[in-house]
Amino acid sequence: MKRFVIATVIAVLAVCAAGFGYFRFINACDSLEADARALQESVEDEARYEEAAAELTETWSHEKPILDMLCPHGYTEELDAHIRLLPIQTQTASAKEKEIYLAELQAMLLQLREAEKPSLQNIL
């Protein structure tokens, strides 16, 4: 009986840890996607764009270590390069080119969320 209780407690703790990790992952993705949307909405206004880009970079530097622990490094390295190159790529770009670059960023964030979503397809 004692072994059964210990095994049950360990299983419950493992499920809670997995649930917390997934909750933290979703929270990180939500904040990054919100910052990317704010950046995409401020393409026309240069001052707001710079502020939104700084906010996205700050959020990324805060969330990157967590995402590195929870996700394959291929996804986070690609996102890291895309976010770090954001000021360089969009400094002299037109509004249309900025929108294209930011749409790619949104697609990467969506791909990250979909790749880590607990589903039968991802398990198999």
# chains A, B, ... in the order shown; residues from 1 in each chain; ligands from 1

$ residues_around --residues "Asp68 in chain A" --least-positions-apart "2" --cutoff "12 Å" --atoms "only C-alpha atoms" --output "PyMOL selection string"
chain A and resi 25+28+60-66+70-80+112

$ atom_distance --atom1 "CA of Val43 in chain A" --atom2 "CA of Arg113 in chain A"
24.4 Å

$ atom_distance --atom1 "CA of Glu58 in chain A" --atom2 "CA of Leu32 in chain A"
9.9 Å

$ closest_residue --among "A:Leu110, A:Leu67, A:Val15, A:Ala95" --to "Ser42 in chain A" --atoms "only C-alpha atoms"
A:Ala95

$ residues_around --residues "Glu51 in chain A" --least-positions-apart "4" --cutoff "12 Å" --atoms "only C-alpha atoms" --output "NGL selection string"
:A and (35-36 or 38-40 or 42-43 or 45-47 or 55-58 or 87)

$ write_last_selection --atoms "N, CA, C and O atoms" --output "mmCIF file, in the first residue's frame"
data_model
loop_
_atom_site.group_PDB
_atom_site.id
_atom_site.type_symbol
_atom_site.label_atom_id
_atom_site.label_comp_id
_atom_site.auth_asym_id
_atom_site.auth_seq_id
_atom_site.Cartn_x
_atom_site.Cartn_y
_atom_site.Cartn_z
ATOM 1 N N ASP A 35 3.363 41.104 -28.475
ATOM 2 C CA ASP A 35 4.368 42.100 -28.841
ATOM 3 C C ASP A 35 4.574 42.157 -30.353
ATOM 4 O O ASP A 35 4.741 43.237 -30.924
ATOM 5 N N ALA A 36 4.546 41.004 -31.007
ATOM 6 C CA ALA A 36 4.704 40.984 -32.466
ATOM 7 C C ALA A 36 3.502 41.641 -33.149
ATOM 8 O O ALA A 36 3.667 42.352 -34.142
ATOM 9 N N ALA A 38 1.632 44.024 -31.801
ATOM 10 C CA ALA A 38 1.771 45.463 -31.552
ATOM 11 C C ALA A 38 2.801 46.069 -32.502
ATOM 12 O O ALA A 38 2.624 47.191 -32.990
ATOM 13 N N LEU A 39 3.854 45.331 -32.771
ATOM 14 C CA LEU A 39 4.878 45.801 -33.702
ATOM 15 C C LEU A 39 4.314 45.893 -35.109
ATOM 16 O O LEU A 39 4.561 46.872 -35.820
ATOM 17 N N GLN A 40 3.532 44.908 -35.490
ATOM 18 C CA GLN A 40 2.950 44.897 -36.829
ATOM 19 C C GLN A 40 1.928 46.028 -36.997
ATOM 20 O O GLN A 40 1.818 46.610 -38.074
ATOM 21 N N SER A 42 2.105 48.925 -35.606
ATOM 22 C CA SER A 42 2.757 50.238 -35.538
ATOM 23 C C SER A 42 3.760 50.465 -36.664
ATOM 24 O O SER A 42 4.650 51.291 -36.531
ATOM 25 N N VAL A 43 3.605 49.772 -37.761
ATOM 26 C CA VAL A 43 4.545 49.898 -38.885
ATOM 27 C C VAL A 43 4.566 51.314 -39.439
ATOM 28 O O VAL A 43 5.621 51.831 -39.796
ATOM 29 N N ASP A 45 3.862 54.241 -37.882
ATOM 30 C CA ASP A 45 4.356 55.249 -36.941
ATOM 31 C C ASP A 45 5.743 54.835 -36.444
ATOM 32 O O ASP A 45 5.888 53.861 -35.707
ATOM 33 N N GLU A 46 6.765 55.573 -36.852
ATOM 34 C CA GLU A 46 8.157 55.196 -36.572
ATOM 35 C C GLU A 46 8.465 55.181 -35.073
ATOM 36 O O GLU A 46 9.164 54.286 -34.587
ATOM 37 N N ALA A 47 7.964 56.148 -34.320
ATOM 38 C CA ALA A 47 8.249 56.196 -32.876
ATOM 39 C C ALA A 47 7.617 55.006 -32.159
ATOM 40 O O ALA A 47 8.258 54.365 -31.326
ATOM 41 N N GLU A 55 10.275 46.585 -27.000
ATOM 42 C CA GLU A 55 9.468 45.746 -26.106
ATOM 43 C C GLU A 55 9.541 44.277 -26.511
ATOM 44 O O GLU A 55 9.673 43.389 -25.662
ATOM 45 N N LEU A 56 9.485 44.014 -27.807
ATOM 46 C CA LEU A 56 9.596 42.643 -28.297
ATOM 47 C C LEU A 56 10.964 42.054 -27.962
ATOM 48 O O LEU A 56 11.068 40.918 -27.504
ATOM 49 N N THR A 57 12.008 42.833 -28.163
ATOM 50 C CA THR A 57 13.356 42.366 -27.858
ATOM 51 C C THR A 57 13.514 42.089 -26.366
ATOM 52 O O THR A 57 14.119 41.085 -25.972
ATOM 53 N N GLU A 58 12.951 42.945 -25.538
ATOM 54 C CA GLU A 58 13.028 42.746 -24.089
ATOM 55 C C GLU A 58 12.253 41.500 -23.665
ATOM 56 O O GLU A 58 12.741 40.700 -22.855
ATOM 57 N N PRO A 87 15.979 44.951 -36.045
ATOM 58 C CA PRO A 87 16.336 46.359 -36.299
ATOM 59 C C PRO A 87 17.119 46.550 -37.596
ATOM 60 O O PRO A 87 16.892 47.519 -38.325
#

$ residues_around --residues "Glu44 in chain A" --least-positions-apart "5" --cutoff "12 Å" --atoms "only C-alpha atoms" --output "compact mmCIF listing (two decimals) with C-alpha atoms, in the first residue's frame"
# COMPACT_ATOMS: atom_id res chain seq x y z
CA ALA A 38 1.77 45.46 -31.55
CA LEU A 39 4.88 45.80 -33.70
CA TYR A 49 7.50 51.03 -34.07
CA GLU A 50 10.82 51.60 -32.29
CA ALA A 93 12.90 48.91 -45.26
CA SER A 94 9.63 50.21 -46.58
CA ALA A 95 6.38 49.64 -44.74
CA LYS A 96 5.52 46.71 -47.04
CA GLU A 97 8.90 45.04 -46.44
CA LYS A 98 8.47 45.50 -42.68
CA GLU A 99 5.04 43.88 -42.86

$ closest_residue --among "A:Ala17, A:Ala103, A:Leu109, A:Ala7" --to "Glu33 in chain A" --atoms "only C-alpha atoms"
A:Leu109

$ atom_distance --atom1 "CA of Arg48 in chain A" --atom2 "CA of Ser31 in chain A"
17.7 Å

$ decode --residues "range 104-117 of chain A" --atoms "all heavy atoms" --output "PDB file, in the first residue's frame"
ATOM      1  N   GLU A 104       6.499  36.953 -41.283  1.00  0.00           N
ATOM      2  CA  GLU A 104       7.363  35.781 -41.105  1.00  0.00           C
ATOM      3  C   GLU A 104       7.577  35.496 -39.621  1.00  0.00           C
ATOM      4  O   GLU A 104       7.567  34.339 -39.198  1.00  0.00           O
ATOM      5  CB  GLU A 104       8.709  35.993 -41.789  1.00  0.00           C
ATOM      6  CG  GLU A 104       8.666  36.002 -43.288  1.00  0.00           C
ATOM      7  CD  GLU A 104      10.007  36.378 -43.899  1.00  0.00           C
ATOM      8  OE1 GLU A 104      10.995  36.542 -43.156  1.00  0.00           O
ATOM      9  OE2 GLU A 104      10.059  36.505 -45.127  1.00  0.00           O
ATOM     10  N   LEU A 105       7.758  36.549 -38.838  1.00  0.00           N
ATOM     11  CA  LEU A 105       7.934  36.384 -37.403  1.00  0.00           C
ATOM     12  C   LEU A 105       6.678  35.786 -36.770  1.00  0.00           C
ATOM     13  O   LEU A 105       6.767  34.866 -35.948  1.00  0.00           O
ATOM     14  CB  LEU A 105       8.274  37.725 -36.755  1.00  0.00           C
ATOM     15  CG  LEU A 105       8.439  37.732 -35.238  1.00  0.00           C
ATOM     16  CD1 LEU A 105       9.621  36.866 -34.826  1.00  0.00           C
ATOM     17  CD2 LEU A 105       8.620  39.148 -34.734  1.00  0.00           C
ATOM     18  N   GLN A 106       5.518  36.281 -37.163  1.00  0.00           N
ATOM     19  CA  GLN A 106       4.256  35.735 -36.651  1.00  0.00           C
ATOM     20  C   GLN A 106       4.115  34.260 -37.027  1.00  0.00           C
ATOM     21  O   GLN A 106       3.665  33.447 -36.224  1.00  0.00           O
ATOM     22  CB  GLN A 106       3.064  36.520 -37.205  1.00  0.00           C
ATOM     23  CG  GLN A 106       2.895  37.883 -36.648  1.00  0.00           C
ATOM     24  CD  GLN A 106       2.215  37.873 -35.283  1.00  0.00           C
ATOM     25  OE1 GLN A 106       2.045  36.847 -34.642  1.00  0.00           O
ATOM     26  NE2 GLN A 106       1.848  39.046 -34.843  1.00  0.00           N
ATOM     27  N   ALA A 107       4.503  33.908 -38.250  1.00  0.00           N
ATOM     28  CA  ALA A 107       4.417  32.512 -38.685  1.00  0.00           C
ATOM     29  C   ALA A 107       5.356  31.624 -37.864  1.00  0.00           C
ATOM     30  O   ALA A 107       5.001  30.492 -37.518  1.00  0.00           O
ATOM     31  CB  ALA A 107       4.748  32.407 -40.170  1.00  0.00           C
ATOM     32  N   MET A 108       6.545  32.128 -37.540  1.00  0.00           N
ATOM     33  CA  MET A 108       7.478  31.357 -36.716  1.00  0.00           C
ATOM     34  C   MET A 108       6.923  31.132 -35.314  1.00  0.00           C
ATOM     35  O   MET A 108       7.058  30.037 -34.757  1.00  0.00           O
ATOM     36  CB  MET A 108       8.824  32.075 -36.616  1.00  0.00           C
ATOM     37  CG  MET A 108       9.643  32.032 -37.839  1.00  0.00           C
ATOM     38  SD  MET A 108      11.143  32.974 -37.523  1.00  0.00           S
ATOM     39  CE  MET A 108      11.912  32.866 -39.096  1.00  0.00           C
ATOM     40  N   LEU A 109       6.306  32.159 -34.751  1.00  0.00           N
ATOM     41  CA  LEU A 109       5.721  32.018 -33.420  1.00  0.00           C
ATOM     42  C   LEU A 109       4.555  31.034 -33.437  1.00  0.00           C
ATOM     43  O   LEU A 109       4.398  30.229 -32.516  1.00  0.00           O
ATOM     44  CB  LEU A 109       5.269  33.380 -32.898  1.00  0.00           C
ATOM     45  CG  LEU A 109       6.394  34.337 -32.527  1.00  0.00           C
ATOM     46  CD1 LEU A 109       5.839  35.727 -32.264  1.00  0.00           C
ATOM     47  CD2 LEU A 109       7.166  33.834 -31.328  1.00  0.00           C
ATOM     48  N   LEU A 110       3.750  31.071 -34.485  1.00  0.00           N
ATOM     49  CA  LEU A 110       2.648  30.130 -34.608  1.00  0.00           C
ATOM     50  C   LEU A 110       3.172  28.707 -34.786  1.00  0.00           C
ATOM     51  O   LEU A 110       2.646  27.762 -34.207  1.00  0.00           O
ATOM     52  CB  LEU A 110       1.745  30.521 -35.772  1.00  0.00           C
ATOM     53  CG  LEU A 110       0.531  29.641 -35.995  1.00  0.00           C
ATOM     54  CD1 LEU A 110      -0.403  29.704 -34.787  1.00  0.00           C
ATOM     55  CD2 LEU A 110      -0.191  30.052 -37.253  1.00  0.00           C
ATOM     56  N   GLN A 111       4.237  28.552 -35.571  1.00  0.00           N
ATOM     57  CA  GLN A 111       4.840  27.239 -35.783  1.00  0.00           C
ATOM     58  C   GLN A 111       5.393  26.683 -34.472  1.00  0.00           C
ATOM     59  O   GLN A 111       5.247  25.499 -34.185  1.00  0.00           O
ATOM     60  CB  GLN A 111       5.956  27.344 -36.819  1.00  0.00           C
ATOM     61  CG  GLN A 111       6.662  26.043 -37.091  1.00  0.00           C
ATOM     62  CD  GLN A 111       7.850  26.222 -38.020  1.00  0.00           C
ATOM     63  OE1 GLN A 111       8.287  27.332 -38.286  1.00  0.00           O
ATOM     64  NE2 GLN A 111       8.384  25.122 -38.495  1.00  0.00           N
ATOM     65  N   LEU A 112       5.988  27.543 -33.670  1.00  0.00           N
ATOM     66  CA  LEU A 112       6.509  27.122 -32.370  1.00  0.00           C
ATOM     67  C   LEU A 112       5.367  26.627 -31.484  1.00  0.00           C
ATOM     68  O   LEU A 112       5.464  25.570 -30.859  1.00  0.00           O
ATOM     69  CB  LEU A 112       7.229  28.289 -31.694  1.00  0.00           C
ATOM     70  CG  LEU A 112       7.767  28.039 -30.294  1.00  0.00           C
ATOM     71  CD1 LEU A 112       8.937  27.069 -30.345  1.00  0.00           C
ATOM     72  CD2 LEU A 112       8.189  29.344 -29.655  1.00  0.00           C
ATOM     73  N   ARG A 113       4.285  27.371 -31.446  1.00  0.00           N
ATOM     74  CA  ARG A 113       3.136  26.976 -30.622  1.00  0.00           C
ATOM     75  C   ARG A 113       2.548  25.655 -31.106  1.00  0.00           C
ATOM     76  O   ARG A 113       2.226  24.775 -30.313  1.00  0.00           O
ATOM     77  CB  ARG A 113       2.079  28.064 -30.650  1.00  0.00           C
ATOM     78  CG  ARG A 113       0.899  27.787 -29.748  1.00  0.00           C
ATOM     79  CD  ARG A 113      -0.177  28.826 -29.950  1.00  0.00           C
ATOM     80  NE  ARG A 113       0.177  30.107 -29.427  1.00  0.00           N
ATOM     81  CZ  ARG A 113      -0.203  30.550 -28.225  1.00  0.00           C
ATOM     82  NH1 ARG A 113      -0.905  29.775 -27.447  1.00  0.00           N
ATOM     83  NH2 ARG A 113       0.139  31.748 -27.835  1.00  0.00           N
ATOM     84  N   GLU A 114       2.394  25.506 -32.414  1.00  0.00           N
ATOM     85  CA  GLU A 114       1.807  24.287 -32.967  1.00  0.00           C
ATOM     86  C   GLU A 114       2.720  23.070 -32.770  1.00  0.00           C
ATOM     87  O   GLU A 114       2.234  21.972 -32.544  1.00  0.00           O
ATOM     88  CB  GLU A 114       1.504  24.474 -34.454  1.00  0.00           C
ATOM     89  CG  GLU A 114       0.365  25.415 -34.729  1.00  0.00           C
ATOM     90  CD  GLU A 114      -0.953  24.933 -34.168  1.00  0.00           C
ATOM     91  OE1 GLU A 114      -1.274  23.740 -34.290  1.00  0.00           O
ATOM     92  OE2 GLU A 114      -1.674  25.762 -33.592  1.00  0.00           O
ATOM     93  N   ALA A 115       4.018  23.273 -32.843  1.00  0.00           N
ATOM     94  CA  ALA A 115       4.950  22.154 -32.701  1.00  0.00           C
ATOM     95  C   ALA A 115       4.972  21.608 -31.281  1.00  0.00           C
ATOM     96  O   ALA A 115       5.219  20.427 -31.070  1.00  0.00           O
ATOM     97  CB  ALA A 115       6.350  22.586 -33.110  1.00  0.00           C
ATOM     98  N   GLU A 116       4.709  22.456 -30.308  1.00  0.00           N
ATOM     99  CA  GLU A 116       4.766  22.030 -28.913  1.00  0.00           C
ATOM    100  C   GLU A 116       3.395  21.757 -28.313  1.00  0.00           C
ATOM    101  O   GLU A 116       3.306  21.406 -27.139  1.00  0.00           O
ATOM    102  CB  GLU A 116       5.489  23.096 -28.083  1.00  0.00           C
ATOM    103  CG  GLU A 116       6.942  23.236 -28.464  1.00  0.00           C
ATOM    104  CD  GLU A 116       7.719  21.939 -28.305  1.00  0.00           C
ATOM    105  OE1 GLU A 116       7.606  21.291 -27.246  1.00  0.00           O
ATOM    106  OE2 GLU A 116       8.440  21.575 -29.234  1.00  0.00           O
ATOM    107  N   LYS A 117       2.344  21.915 -29.093  1.00  0.00           N
ATOM    108  CA  LYS A 117       0.992  21.681 -28.594  1.00  0.00           C
ATOM    109  C   LYS A 117       0.812  20.193 -28.322  1.00  0.00           C
ATOM    110  O   LYS A 117       1.172  19.357 -29.150  1.00  0.00           O
ATOM    111  CB  LYS A 117      -0.030  22.161 -29.619  1.00  0.00           C
ATOM    112  CG  LYS A 117      -1.460  22.029 -29.157  1.00  0.00           C
ATOM    113  CD  LYS A 117      -2.453  22.710 -30.070  1.00  0.00           C
ATOM    114  CE  LYS A 117      -2.309  22.335 -31.498  1.00  0.00           C
ATOM    115  NZ  LYS A 117      -3.371  22.856 -32.349  1.00  0.00           N
TER     116      LYS A 117
END
